[in-house]
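Next up, upload_39.cif (mmCIF, C-alpha atoms and all ligand atoms; chains and numbers go by the auth columns):
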```cif
data_model
loop_
_atom_site.group_PDB
_atom_site.id
_atom_site.type_symbol
_atom_site.label_atom_id
_atom_site.label_comp_id
_atom_site.label_asym_id
_atom_site.label_seq_id
_atom_site.Cartn_x
_atom_site.Cartn_y
_atom_site.Cartn_z
_atom_site.B_iso_or_equiv
_atom_site.auth_seq_id
_atom_site.auth_asym_id
ATOM 1 C CA MET A 1 0.000 0.000 0.000 0.00 10 I
ATOM 2 C CA ASN A 2 1.400 3.429 -0.916 0.00 11 I
ATOM 3 C CA SER A 3 1.622 6.310 1.567 0.00 12 I
ATOM 4 C CA ARG A 4 -1.335 8.154 -0.034 0.00 13 I
ATOM 5 C CA CYS A 5 -3.578 5.110 0.549 0.00 14 I
ATOM 6 C CA ALA A 6 -2.307 4.797 4.123 0.00 15 I
ATOM 7 C CA THR A 7 -3.179 8.440 4.781 0.00 16 I
ATOM 8 C CA THR A 8 -6.675 7.986 3.275 0.00 17 I
ATOM 9 C CA ASP A 9 -7.221 4.874 5.415 0.00 18 I
ATOM 10 C CA ALA A 10 -6.105 6.661 8.572 0.00 19 I
ATOM 11 C CA PHE A 11 -8.436 9.580 7.812 0.00 20 I
ATOM 12 C CA VAL A 12 -11.484 7.377 6.971 0.00 21 I
ATOM 13 C CA PHE A 13 -10.831 5.286 10.066 0.00 22 I
ATOM 14 C CA PHE A 14 -10.471 8.246 12.417 0.00 23 I
ATOM 15 C CA ARG A 15 -13.634 9.879 11.050 0.00 24 I
ATOM 16 C CA ALA A 16 -15.592 6.607 11.463 0.00 25 I
ATOM 17 C CA TRP A 17 -14.264 6.204 15.019 0.00 26 I
ATOM 18 C CA SER A 18 -15.235 9.793 15.922 0.00 27 I
ATOM 19 C CA ARG A 19 -18.842 9.047 14.784 0.00 28 I
ATOM 20 C CA LYS A 20 -19.149 5.492 16.171 0.00 29 I
ATOM 21 C CA PRO A 21 -16.398 4.927 18.765 0.00 30 I
ATOM 22 C CA LEU A 22 -17.821 1.658 20.129 0.00 31 I
ATOM 23 C CA ARG A 23 -18.344 0.116 16.698 0.00 32 I
ATOM 24 C CA VAL A 24 -14.916 1.070 15.352 0.00 33 I
ATOM 25 C CA ALA A 25 -13.067 0.728 18.693 0.00 34 I
ATOM 26 C CA SER A 26 -9.677 1.925 17.420 0.00 35 I
ATOM 27 C CA ILE A 27 -8.497 5.270 16.094 0.00 36 I
ATOM 28 C CA VAL A 28 -6.191 3.743 13.492 0.00 37 I
ATOM 29 C CA PRO A 29 -6.320 0.657 11.235 0.00 38 I
ATOM 30 C CA SER A 30 -4.275 -2.389 12.273 0.00 39 I
ATOM 31 C CA GLY A 31 -0.635 -2.415 11.221 0.00 40 I
ATOM 32 C CA HIS A 32 1.303 -4.939 9.085 0.00 41 I
ATOM 33 C CA SER A 33 2.661 -6.930 12.025 0.00 42 I
ATOM 34 C CA LEU A 34 -0.837 -7.678 13.349 0.00 43 I
ATOM 35 C CA GLY A 35 -2.061 -8.475 9.814 0.00 44 I
ATOM 36 C CA ARG A 36 0.790 -10.965 9.398 0.00 45 I
ATOM 37 C CA LEU A 37 0.161 -12.503 12.825 0.00 46 I
ATOM 38 C CA ILE A 38 -3.597 -13.005 12.465 0.00 47 I
ATOM 39 C CA THR A 39 -3.139 -14.640 9.011 0.00 48 I
ATOM 40 C CA GLN A 40 -0.061 -16.717 9.839 0.00 49 I
ATOM 41 C CA GLU A 41 -1.898 -20.070 9.672 0.00 50 I
ATOM 42 C CA LEU A 42 -3.649 -19.316 6.351 0.00 51 I
ATOM 43 C CA ASP A 43 -2.505 -20.273 2.888 0.00 52 I
ATOM 44 C CA GLY A 44 -3.905 -20.876 -0.581 0.00 53 I
ATOM 45 C CA THR A 45 -5.161 -24.360 0.396 0.00 54 I
ATOM 46 C CA CYS A 46 -7.510 -23.341 3.198 0.00 55 I
ATOM 47 C CA GLY A 47 -10.469 -22.660 0.877 0.00 56 I
ATOM 48 C CA PRO A 48 -12.878 -19.746 1.279 0.00 57 I
ATOM 49 C CA VAL A 49 -12.267 -17.361 4.166 0.00 58 I
ATOM 50 C CA ILE A 50 -14.770 -15.097 5.940 0.00 59 I
ATOM 51 C CA GLU A 51 -13.473 -11.801 7.301 0.00 60 I
ATOM 52 C CA LEU A 52 -15.572 -9.991 9.906 0.00 61 I
ATOM 53 C CA GLY A 53 -15.165 -6.238 10.408 0.00 62 I
ATOM 54 C CA PRO A 54 -12.549 -5.634 7.663 0.00 63 I
ATOM 55 C CA GLY A 55 -12.653 -1.833 8.032 0.00 64 I
ATOM 56 C CA THR A 56 -10.275 -0.359 5.448 0.00 65 I
ATOM 57 C CA GLY A 57 -8.915 -3.832 4.562 0.00 66 I
ATOM 58 C CA ALA A 58 -5.738 -4.160 6.650 0.00 67 I
ATOM 59 C CA PHE A 59 -6.359 -7.894 7.279 0.00 68 I
ATOM 60 C CA THR A 60 -7.953 -8.381 3.830 0.00 69 I
ATOM 61 C CA ARG A 61 -4.647 -7.462 2.174 0.00 70 I
ATOM 62 C CA ALA A 62 -2.765 -9.773 4.553 0.00 71 I
ATOM 63 C CA ILE A 63 -5.144 -12.699 3.800 0.00 72 I
ATOM 64 C CA ILE A 64 -4.649 -12.218 0.046 0.00 73 I
ATOM 65 C CA ALA A 65 -0.867 -11.979 0.556 0.00 74 I
ATOM 66 C CA ARG A 66 -1.042 -15.465 2.177 0.00 75 I
ATOM 67 C CA GLY A 67 -2.320 -16.865 -1.125 0.00 76 I
ATOM 68 C CA VAL A 68 -6.100 -16.829 -0.572 0.00 77 I
ATOM 69 C CA ALA A 69 -7.747 -15.746 -3.851 0.00 78 I
ATOM 70 C CA GLU A 70 -9.780 -12.526 -3.636 0.00 79 I
ATOM 71 C CA GLN A 71 -12.838 -14.343 -5.057 0.00 80 I
ATOM 72 C CA ASN A 72 -12.586 -16.797 -2.149 0.00 81 I
ATOM 73 C CA LEU A 73 -13.119 -14.005 0.373 0.00 82 I
ATOM 74 C CA VAL A 74 -16.409 -13.151 2.077 0.00 83 I
ATOM 75 C CA LEU A 75 -16.328 -9.757 3.814 0.00 84 I
ATOM 76 C CA VAL A 76 -18.931 -8.833 6.452 0.00 85 I
ATOM 77 C CA GLU A 77 -18.755 -5.135 7.349 0.00 86 I
ATOM 78 C CA MET A 78 -21.496 -3.139 9.008 0.00 87 I
ATOM 79 C CA GLY A 79 -20.047 0.350 8.468 0.00 88 I
ATOM 80 C CA ARG A 80 -21.266 1.954 5.230 0.00 89 I
ATOM 81 C CA GLU A 81 -18.133 4.150 4.950 0.00 90 I
ATOM 82 C CA PHE A 82 -15.937 1.024 5.022 0.00 91 I
ATOM 83 C CA ALA A 83 -18.221 -1.164 2.888 0.00 92 I
ATOM 84 C CA SER A 84 -18.125 1.205 -0.101 0.00 93 I
ATOM 85 C CA MET A 85 -14.323 1.432 0.128 0.00 94 I
ATOM 86 C CA LEU A 86 -14.026 -2.385 0.328 0.00 95 I
ATOM 87 C CA SER A 87 -16.258 -2.946 -2.715 0.00 96 I
ATOM 88 C CA ARG A 88 -13.976 -0.657 -4.771 0.00 97 I
ATOM 89 C CA ARG A 89 -10.753 -2.174 -3.443 0.00 98 I
ATOM 90 C CA PHE A 90 -11.728 -5.853 -3.529 0.00 99 I
ATOM 91 C CA PRO A 91 -14.308 -6.097 -6.359 0.00 100 I
ATOM 92 C CA ARG A 92 -13.970 -9.899 -6.700 0.00 101 I
ATOM 93 C CA ALA A 93 -14.688 -10.585 -3.010 0.00 102 I
ATOM 94 C CA THR A 94 -18.275 -11.149 -1.798 0.00 103 I
ATOM 95 C CA LEU A 95 -19.304 -8.283 0.463 0.00 104 I
ATOM 96 C CA PHE A 96 -22.181 -8.271 2.950 0.00 105 I
ATOM 97 C CA GLU A 97 -22.928 -4.852 4.439 0.00 106 I
ATOM 98 C CA ARG A 98 -24.486 -6.467 7.489 0.00 107 I
ATOM 99 C CA ASP A 99 -24.174 -7.019 11.227 0.00 108 I
ATOM 100 C CA ALA A 100 -21.840 -9.956 11.890 0.00 109 I
ATOM 101 C CA ALA A 101 -24.375 -11.208 14.460 0.00 110 I
ATOM 102 C CA GLU A 102 -26.511 -12.225 11.433 0.00 111 I
ATOM 103 C CA LEU A 103 -23.684 -14.367 10.044 0.00 112 I
ATOM 104 C CA GLY A 104 -25.477 -17.676 10.693 0.00 113 I
ATOM 105 C CA SER A 105 -28.315 -16.690 8.351 0.00 114 I
ATOM 106 C CA LEU A 106 -26.162 -15.247 5.527 0.00 115 I
ATOM 107 C CA GLY A 107 -26.019 -17.301 2.326 0.00 116 I
ATOM 108 C CA ILE A 108 -22.252 -17.723 2.119 0.00 117 I
ATOM 109 C CA GLY A 109 -22.525 -20.474 -0.486 0.00 118 I
ATOM 110 C CA GLY A 110 -20.580 -23.334 1.122 0.00 119 I
ATOM 111 C CA PRO A 111 -18.275 -24.177 4.010 0.00 120 I
ATOM 112 C CA VAL A 112 -15.243 -22.004 4.749 0.00 121 I
ATOM 113 C CA GLY A 113 -11.793 -22.952 6.015 0.00 122 I
ATOM 114 C CA ALA A 114 -11.221 -19.998 8.357 0.00 123 I
ATOM 115 C CA VAL A 115 -12.794 -16.879 9.831 0.00 124 I
ATOM 116 C CA VAL A 116 -10.604 -13.831 10.519 0.00 125 I
ATOM 117 C CA SER A 117 -12.195 -11.296 12.840 0.00 126 I
ATOM 118 C CA GLY A 118 -11.359 -7.653 13.421 0.00 127 I
ATOM 119 C CA LEU A 119 -14.575 -7.158 15.391 0.00 128 I
ATOM 120 C CA PRO A 120 -14.480 -5.226 18.683 0.00 129 I
ATOM 121 C CA LEU A 121 -15.927 -8.132 20.700 0.00 130 I
ATOM 122 C CA LEU A 122 -15.140 -6.416 24.025 0.00 131 I
ATOM 123 C CA SER A 123 -17.623 -3.635 23.226 0.00 132 I
ATOM 124 C CA MET A 124 -20.401 -6.099 22.348 0.00 133 I
ATOM 125 C CA SER A 125 -23.069 -7.765 24.465 0.00 134 I
ATOM 126 C CA THR A 126 -22.775 -11.444 25.410 0.00 135 I
ATOM 127 C CA ASN A 127 -25.754 -12.222 23.161 0.00 136 I
ATOM 128 C CA GLN A 128 -24.078 -10.567 20.167 0.00 137 I
ATOM 129 C CA VAL A 129 -20.805 -12.421 20.762 0.00 138 I
ATOM 130 C CA GLU A 130 -22.650 -15.742 21.096 0.00 139 I
ATOM 131 C CA ALA A 131 -24.564 -15.089 17.828 0.00 140 I
ATOM 132 C CA ILE A 132 -21.313 -14.233 16.006 0.00 141 I
ATOM 133 C CA MET A 133 -19.485 -17.324 17.284 0.00 142 I
ATOM 134 C CA SER A 134 -22.324 -19.762 16.616 0.00 143 I
ATOM 135 C CA GLY A 135 -22.868 -18.188 13.164 0.00 144 I
ATOM 136 C CA ALA A 136 -19.170 -18.510 12.323 0.00 145 I
ATOM 137 C CA PHE A 137 -18.967 -22.163 13.377 0.00 146 I
ATOM 138 C CA LYS A 138 -22.089 -22.926 11.349 0.00 147 I
ATOM 139 C CA HIS A 139 -20.059 -22.030 8.222 0.00 148 I
ATOM 140 C CA LEU A 140 -16.659 -23.426 9.272 0.00 149 I
ATOM 141 C CA VAL A 141 -15.437 -26.883 8.200 0.00 150 I
ATOM 142 C CA SER A 142 -14.937 -29.311 11.107 0.00 151 I
ATOM 143 C CA ASP A 143 -11.243 -28.489 11.571 0.00 152 I
ATOM 144 C CA GLY A 144 -11.612 -24.808 10.635 0.00 153 I
ATOM 145 C CA SER A 145 -10.557 -21.998 12.976 0.00 154 I
ATOM 146 C CA PHE A 146 -11.721 -18.552 13.988 0.00 155 I
ATOM 147 C CA TYR A 147 -8.924 -16.000 14.465 0.00 156 I
ATOM 148 C CA GLN A 148 -9.600 -13.017 16.721 0.00 157 I
ATOM 149 C CA PHE A 149 -7.388 -10.173 17.866 0.00 158 I
ATOM 150 C CA THR A 150 -7.745 -8.221 21.075 0.00 159 I
ATOM 151 C CA TYR A 151 -6.078 -5.318 22.902 0.00 160 I
ATOM 152 C CA GLY A 152 -7.103 -6.909 26.218 0.00 161 I
ATOM 153 C CA PRO A 153 -5.199 -9.375 28.424 0.00 162 I
ATOM 154 C CA LEU A 154 -7.532 -12.394 27.813 0.00 163 I
ATOM 155 C CA CYS A 155 -9.395 -14.086 24.980 0.00 164 I
ATOM 156 C CA PRO A 156 -12.292 -11.677 24.230 0.00 165 I
ATOM 157 C CA VAL A 157 -14.779 -14.542 23.807 0.00 166 I
ATOM 158 C CA PRO A 158 -16.050 -15.299 27.336 0.00 167 I
ATOM 159 C CA GLN A 159 -15.345 -18.817 28.690 0.00 168 I
ATOM 160 C CA LYS A 160 -19.092 -19.285 29.195 0.00 169 I
ATOM 161 C CA ILE A 161 -19.681 -18.943 25.426 0.00 170 I
ATOM 162 C CA LEU A 162 -16.729 -21.161 24.531 0.00 171 I
ATOM 163 C CA ARG A 163 -18.076 -23.898 26.864 0.00 172 I
ATOM 164 C CA LEU A 164 -21.624 -23.562 25.583 0.00 173 I
ATOM 165 C CA LEU A 165 -20.510 -23.966 21.955 0.00 174 I
ATOM 166 C CA GLY A 166 -17.911 -26.693 22.641 0.00 175 I
ATOM 167 C CA LEU A 167 -14.976 -24.465 21.660 0.00 176 I
ATOM 168 C CA GLU A 168 -11.480 -23.806 22.980 0.00 177 I
ATOM 169 C CA SER A 169 -9.110 -20.858 22.532 0.00 178 I
ATOM 170 C CA LYS A 170 -5.346 -20.632 22.267 0.00 179 I
ATOM 171 C CA LEU A 171 -3.119 -17.570 22.223 0.00 180 I
ATOM 172 C CA ILE A 172 -1.074 -17.775 19.004 0.00 181 I
ATOM 173 C CA GLY A 173 1.013 -14.635 19.398 0.00 182 I
ATOM 174 C CA ARG A 174 1.367 -10.968 20.263 0.00 183 I
ATOM 175 C CA ALA A 175 2.007 -8.045 17.912 0.00 184 I
ATOM 176 C CA LEU A 176 3.903 -5.705 20.206 0.00 185 I
ATOM 177 C CA LEU A 177 4.727 -3.307 17.365 0.00 186 I
ATOM 178 C CA ASN A 178 1.063 -2.735 16.589 0.00 187 I
ATOM 179 C CA PHE A 179 -0.580 0.431 17.923 0.00 188 I
ATOM 180 C CA PRO A 180 -1.967 -0.449 20.408 0.00 189 I
ATOM 181 C CA PRO A 181 -0.149 -3.784 21.014 0.00 190 I
ATOM 182 C CA ALA A 182 -2.508 -6.691 20.388 0.00 191 I
ATOM 183 C CA SER A 183 -2.797 -10.457 20.861 0.00 192 I
ATOM 184 C CA VAL A 184 -4.313 -13.043 18.535 0.00 193 I
ATOM 185 C CA TYR A 185 -6.340 -16.090 19.610 0.00 194 I
ATOM 186 C CA ARG A 186 -7.232 -19.171 17.578 0.00 195 I
ATOM 187 C CA ILE A 187 -10.661 -20.528 18.500 0.00 196 I
ATOM 188 C CA SER A 188 -11.558 -24.014 17.342 0.00 197 I
ATOM 189 C CA ARG A 189 -13.874 -26.922 18.137 0.00 198 I
ATOM 190 C CA LYS A 190 -12.811 -28.979 21.154 0.00 199 I
ATOM 191 C CA PRO A 191 -11.768 -32.468 20.140 0.00 200 I
ATOM 192 C CA LEU A 192 -14.467 -35.026 21.115 0.00 201 I
HETATM 193 C C1 LIG B . -11.271 -2.396 15.348 0.00 1 M
HETATM 194 S S1 LIG B . -11.983 -2.090 13.729 0.00 1 M
HETATM 195 C C2 LIG B . -10.963 -3.257 12.813 0.00 1 M
HETATM 196 C C3 LIG B . -10.857 -2.931 11.356 0.00 1 M
HETATM 197 C C4 LIG B . -9.801 -3.744 10.588 0.00 1 M
HETATM 198 N N1 LIG B . -10.039 -5.167 10.687 0.00 1 M
HETATM 199 C C5 LIG B . -8.428 -3.445 11.124 0.00 1 M
HETATM 200 O O1 LIG B . -7.887 -4.291 11.846 0.00 1 M
HETATM 201 O O2 LIG B . -7.901 -2.358 10.803 0.00 1 M
HETATM 202 C C6 LIG B . -13.564 -2.895 13.859 0.00 1 M
HETATM 203 C C7 LIG B . -14.319 -3.082 12.549 0.00 1 M
HETATM 204 O O3 LIG B . -15.478 -3.897 12.787 0.00 1 M
HETATM 205 C C8 LIG B . -16.636 -3.285 12.189 0.00 1 M
HETATM 206 N N2 LIG B . -17.801 -3.735 12.971 0.00 1 M
HETATM 207 C C9 LIG B . -18.081 -3.434 14.266 0.00 1 M
HETATM 208 N N3 LIG B . -19.184 -4.065 14.683 0.00 1 M
HETATM 209 C C10 LIG B . -19.606 -4.820 13.618 0.00 1 M
HETATM 210 C C11 LIG B . -20.689 -5.730 13.428 0.00 1 M
HETATM 211 N N4 LIG B . -21.545 -5.986 14.408 0.00 1 M
HETATM 212 N N5 LIG B . -20.813 -6.337 12.229 0.00 1 M
HETATM 213 C C12 LIG B . -19.931 -6.078 11.225 0.00 1 M
HETATM 214 N N6 LIG B . -18.897 -5.220 11.345 0.00 1 M
HETATM 215 C C13 LIG B . -18.728 -4.604 12.531 0.00 1 M
HETATM 216 C C14 LIG B . -16.343 -1.803 12.290 0.00 1 M
HETATM 217 O O4 LIG B . -17.133 -1.038 11.389 0.00 1 M
HETATM 218 C C15 LIG B . -14.853 -1.789 11.961 0.00 1 M
HETATM 219 O O5 LIG B . -14.649 -1.840 10.564 0.00 1 M
#
```

Starting from the coordinates I provided, produce the structure as C-alpha cells.
Ligand SMILES: C[S@@+](CC[C@H](N)C(=O)[O-])C[C@H]1O[C@@H](n2cnc3c(N)ncnc32)[C@H](O)[C@@H]1O
Amino acid sequence: MNSRCATTDAFVFFRAWSRKPLRVASIVPSGHSLGRLITQELDGTCGPVIELGPGTGAFTRAIIARGVAEQNLVLVEMGREFASMLSRRFPRATLFERDAAELGSLGIGGPVGAVVSGLPLLSMSTNQVEAIMSGAFKHLVSDGSFYQFTYGPLCPVPQKILRLLGLESKLIGRALLNFPPASVYRISRKPL
C-alpha cells in the first residue's frame, strides 16, 4: 500500500471512530505486524475465508498476501463508509454490508476454512458475541478456525460462550509493534 492510501485509510478510520467509537473501537487501522500474525496459519489451500469487520482492509490485504484468492473471500462489514471502500478495493470478493451477528443466516454459499475477525468483541453484548461465534462455526469446516485479535489481556470470547458452543481458545502470538499492542487467539472446536 502506498503512503497516499495509508493516509486515506487513517483519515477514513479516524472519522468513522469519531462518529461510532464503540463500533470502530480503534483510532487507526491495524498495522502490518498484526495483519501478518492473524493470518499466519492461512494459505492458498484453506479454501474460502470469511473476514468480519474488515474496516479499510488491513487484514484483507494480509489474507490475500497469504495466497487466498480474492474471489474466495467473504467480507462482512457493518459500516457503510468502510463497505463502499471495500467494494472498490476488492471487487472480486463477496461483500455483505451487514451485522456480523446475522452471520449464521447469511447465504455464504458453502463451508469455509477460516474466519478472521477484526470485530471489537469487548464492546459487544454477550448475546451478540454468542450469535457471532455460533454463526461462524455454522459455516466453518470441522477443523476450521476462527482468528480473533484483542487489545485486552484475555481471549475476548467469554469462557461461558466457549463452553456452551464446545470451543477452545489458544493464544497464538502478540504483535507488540502494533498500535496499540494486540494479541491473537485461535478458536476451534474442542476435540471429542
Ligand atoms: C477495530 S476495527 C478493525 C478494522 C480492521 N479489521 C483493522 O484491523 O484495521 C472494527 C471493525 O469492525 C466493524 N464492525 C463493528 N461491529 C460490527 C458488526 N456488528 N458487524 C460487522 N462489522 C462490525 C467496524 O465497522 C470496523 O470496521

key: Option closest in space to ligand LIG 1 (chain M), from I:Ser143, I:Ser178, I:Thr54, I:Ser42 [counting only C-alpha atoms and all ligand atoms]   =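 Closest to ligand LIG 1 (chain M) of all the choices is I:Ser42.
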
ask   = What's the 9 Å shell around Cys164 in chain I, counting all atoms listed in the file, without same-chain residues fewer than 4 positions away, as a PyMOL selection string?
value = chain I and resi 157-159+168+178-180+192-194

Selection export as a PDB file, in the frame of the given file, atoms kept: C-alpha atoms:
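Result went into part-v3.pdb, see below:
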```
ATOM      1  CA  GLN I 157      -9.600 -13.017  16.721  1.00  0.00           C
ATOM      2  CA  PHE I 158      -7.388 -10.173  17.866  1.00  0.00           C
ATOM      3  CA  THR I 159      -7.745  -8.221  21.075  1.00  0.00           C
ATOM      4  CA  GLN I 168     -15.345 -18.817  28.690  1.00  0.00           C
ATOM      5  CA  SER I 178      -9.110 -20.858  22.532  1.00  0.00           C
ATOM      6  CA  LYS I 179      -5.346 -20.632  22.267  1.00  0.00           C
ATOM      7  CA  LEU I 180      -3.119 -17.570  22.223  1.00  0.00           C
ATOM      8  CA  SER I 192      -2.797 -10.457  20.861  1.00  0.00           C
ATOM      9  CA  VAL I 193      -4.313 -13.043  18.535  1.00  0.00           C
ATOM     10  CA  TYR I 194      -6.340 -16.090  19.610  1.00  0.00           C
TER      11      TYR I 194
END
```

inquiry  = Evaluated on this file, the PyMOL selection byres (((not hetatm)) within 7 of (chain M and resi 1)) picks out some residues - which ones are they, written as number ranges by chain?
reply    = I: 32-35, 37-39, 61-68, 85-88, 91, 107-110, 126-129

inquiry  = Quick one: residues within 12 Å of Ile170 in chain I, only C-alpha atoms, excluding same-chain residues fewer than 6 positions away - as a PyMOL selection string?
reply    = chain I and resi 134-143+164+176-178+196

request  = Check what the PyMOL selection byres (((chain I and resi 95) around 10) and not hetatm) selects in the file above and give those residues as a PyMOL selection string.
outcome  = chain I and resi 63-66+69+84+86+89-94+96-100+102-104

Output C-alpha atoms for every residue in the selection just made, as a short mmCIF file (atom, residue, chain, number, x, y, z; two decimals), keeping the file's coordinate frame.
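File result_17.cif, as written:
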```cif
data_model
loop_
_atom_site.label_atom_id
_atom_site.label_comp_id
_atom_site.auth_asym_id
_atom_site.auth_seq_id
_atom_site.Cartn_x
_atom_site.Cartn_y
_atom_site.Cartn_z
CA PRO I 63 -12.55 -5.63 7.66
CA GLY I 64 -12.65 -1.83 8.03
CA THR I 65 -10.28 -0.36 5.45
CA GLY I 66 -8.91 -3.83 4.56
CA THR I 69 -7.95 -8.38 3.83
CA LEU I 84 -16.33 -9.76 3.81
CA GLU I 86 -18.76 -5.14 7.35
CA ARG I 89 -21.27 1.95 5.23
CA GLU I 90 -18.13 4.15 4.95
CA PHE I 91 -15.94 1.02 5.02
CA ALA I 92 -18.22 -1.16 2.89
CA SER I 93 -18.12 1.20 -0.10
CA MET I 94 -14.32 1.43 0.13
CA SER I 96 -16.26 -2.95 -2.72
CA ARG I 97 -13.98 -0.66 -4.77
CA ARG I 98 -10.75 -2.17 -3.44
CA PHE I 99 -11.73 -5.85 -3.53
CA PRO I 100 -14.31 -6.10 -6.36
CA ALA I 102 -14.69 -10.58 -3.01
CA THR I 103 -18.27 -11.15 -1.80
CA LEU I 104 -19.30 -8.28 0.46
#
```

Val125 in chain I surroundings by only C-alpha atoms, 6 Å radius, close-in-sequence under 6 positions cut, as JSON, numbers by chain = {"I": [60, 155, 156]}

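Take CA of Leu43 in chain I and CA of Asn187 in chain I: the distance between them is 6.2 Å.
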
inquiry  = For a quick check of understanding, using all atoms listed in the file, which of I:Arg45, I:His148, I:Lys169, I:Lys199 has the smallest distance to Ala184 in chain I?
reply    =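 Under the stated criterion, the closest residue is I:Arg45.
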
inquiry  = Which residues are near range 73-78 of chain I? Cut-off 7 Å, all atoms listed in the file, ignore same chain within fewer than 2 positions. Put them as a ChimeraX atom specification.
reply    = /I:51-53,69-71,80-81

Could you take the residues named above and write them with C-alpha atoms, as a tab-separated table (two decimals), keeping the file's coordinate frame?
```tsv
chain	number	residue	atom	x	y	z
I	51	LEU	CA	-3.65	-19.32	6.35
I	52	ASP	CA	-2.50	-20.27	2.89
I	53	GLY	CA	-3.90	-20.88	-0.58
I	69	THR	CA	-7.95	-8.38	3.83
I	70	ARG	CA	-4.65	-7.46	2.17
I	71	ALA	CA	-2.76	-9.77	4.55
I	80	GLN	CA	-12.84	-14.34	-5.06
I	81	ASN	CA	-12.59	-16.80	-2.15
```

ask   = How many Å separate CA of Leu201 in chain I from CA of Ile47 in chain I?
value =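 Computing it gives 26.0 Å between the two atoms.
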
d(CA of Val83 in chain I, CA of Ile59 in chain I) in Å =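 Answer for the CA of Val83 in chain I to CA of Ile59 in chain I separation: 4.6 Å.
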
task = Between I:Ile117, I:Leu173, I:Ile181, I:Ala123, single out the one closest to Val150 in chain I, counting all atoms listed in the file.
result =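 For Val150 in chain I, the nearest of the given residues is I:Ala123.
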
request  = Rank nothing, just name the residue among I:Pro165, I:Gly153, I:Gly40, I:Pro200 nearest to Val124 in chain I, using all atoms listed in the file.
outcome  =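 Smallest separation from Val124 in chain I among the options: I:Gly153.
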
Could you give me the centre and size, in Å to one decimal, of an axis-aligned box around all listed atoms of range 47-53 of chain I with 3 Å added on every side, as JSON?
```
{"center_x": -2.0, "center_y": -16.9, "center_z": 5.9, "size_x": 9.8, "size_y": 13.9, "size_z": 19.0}
```
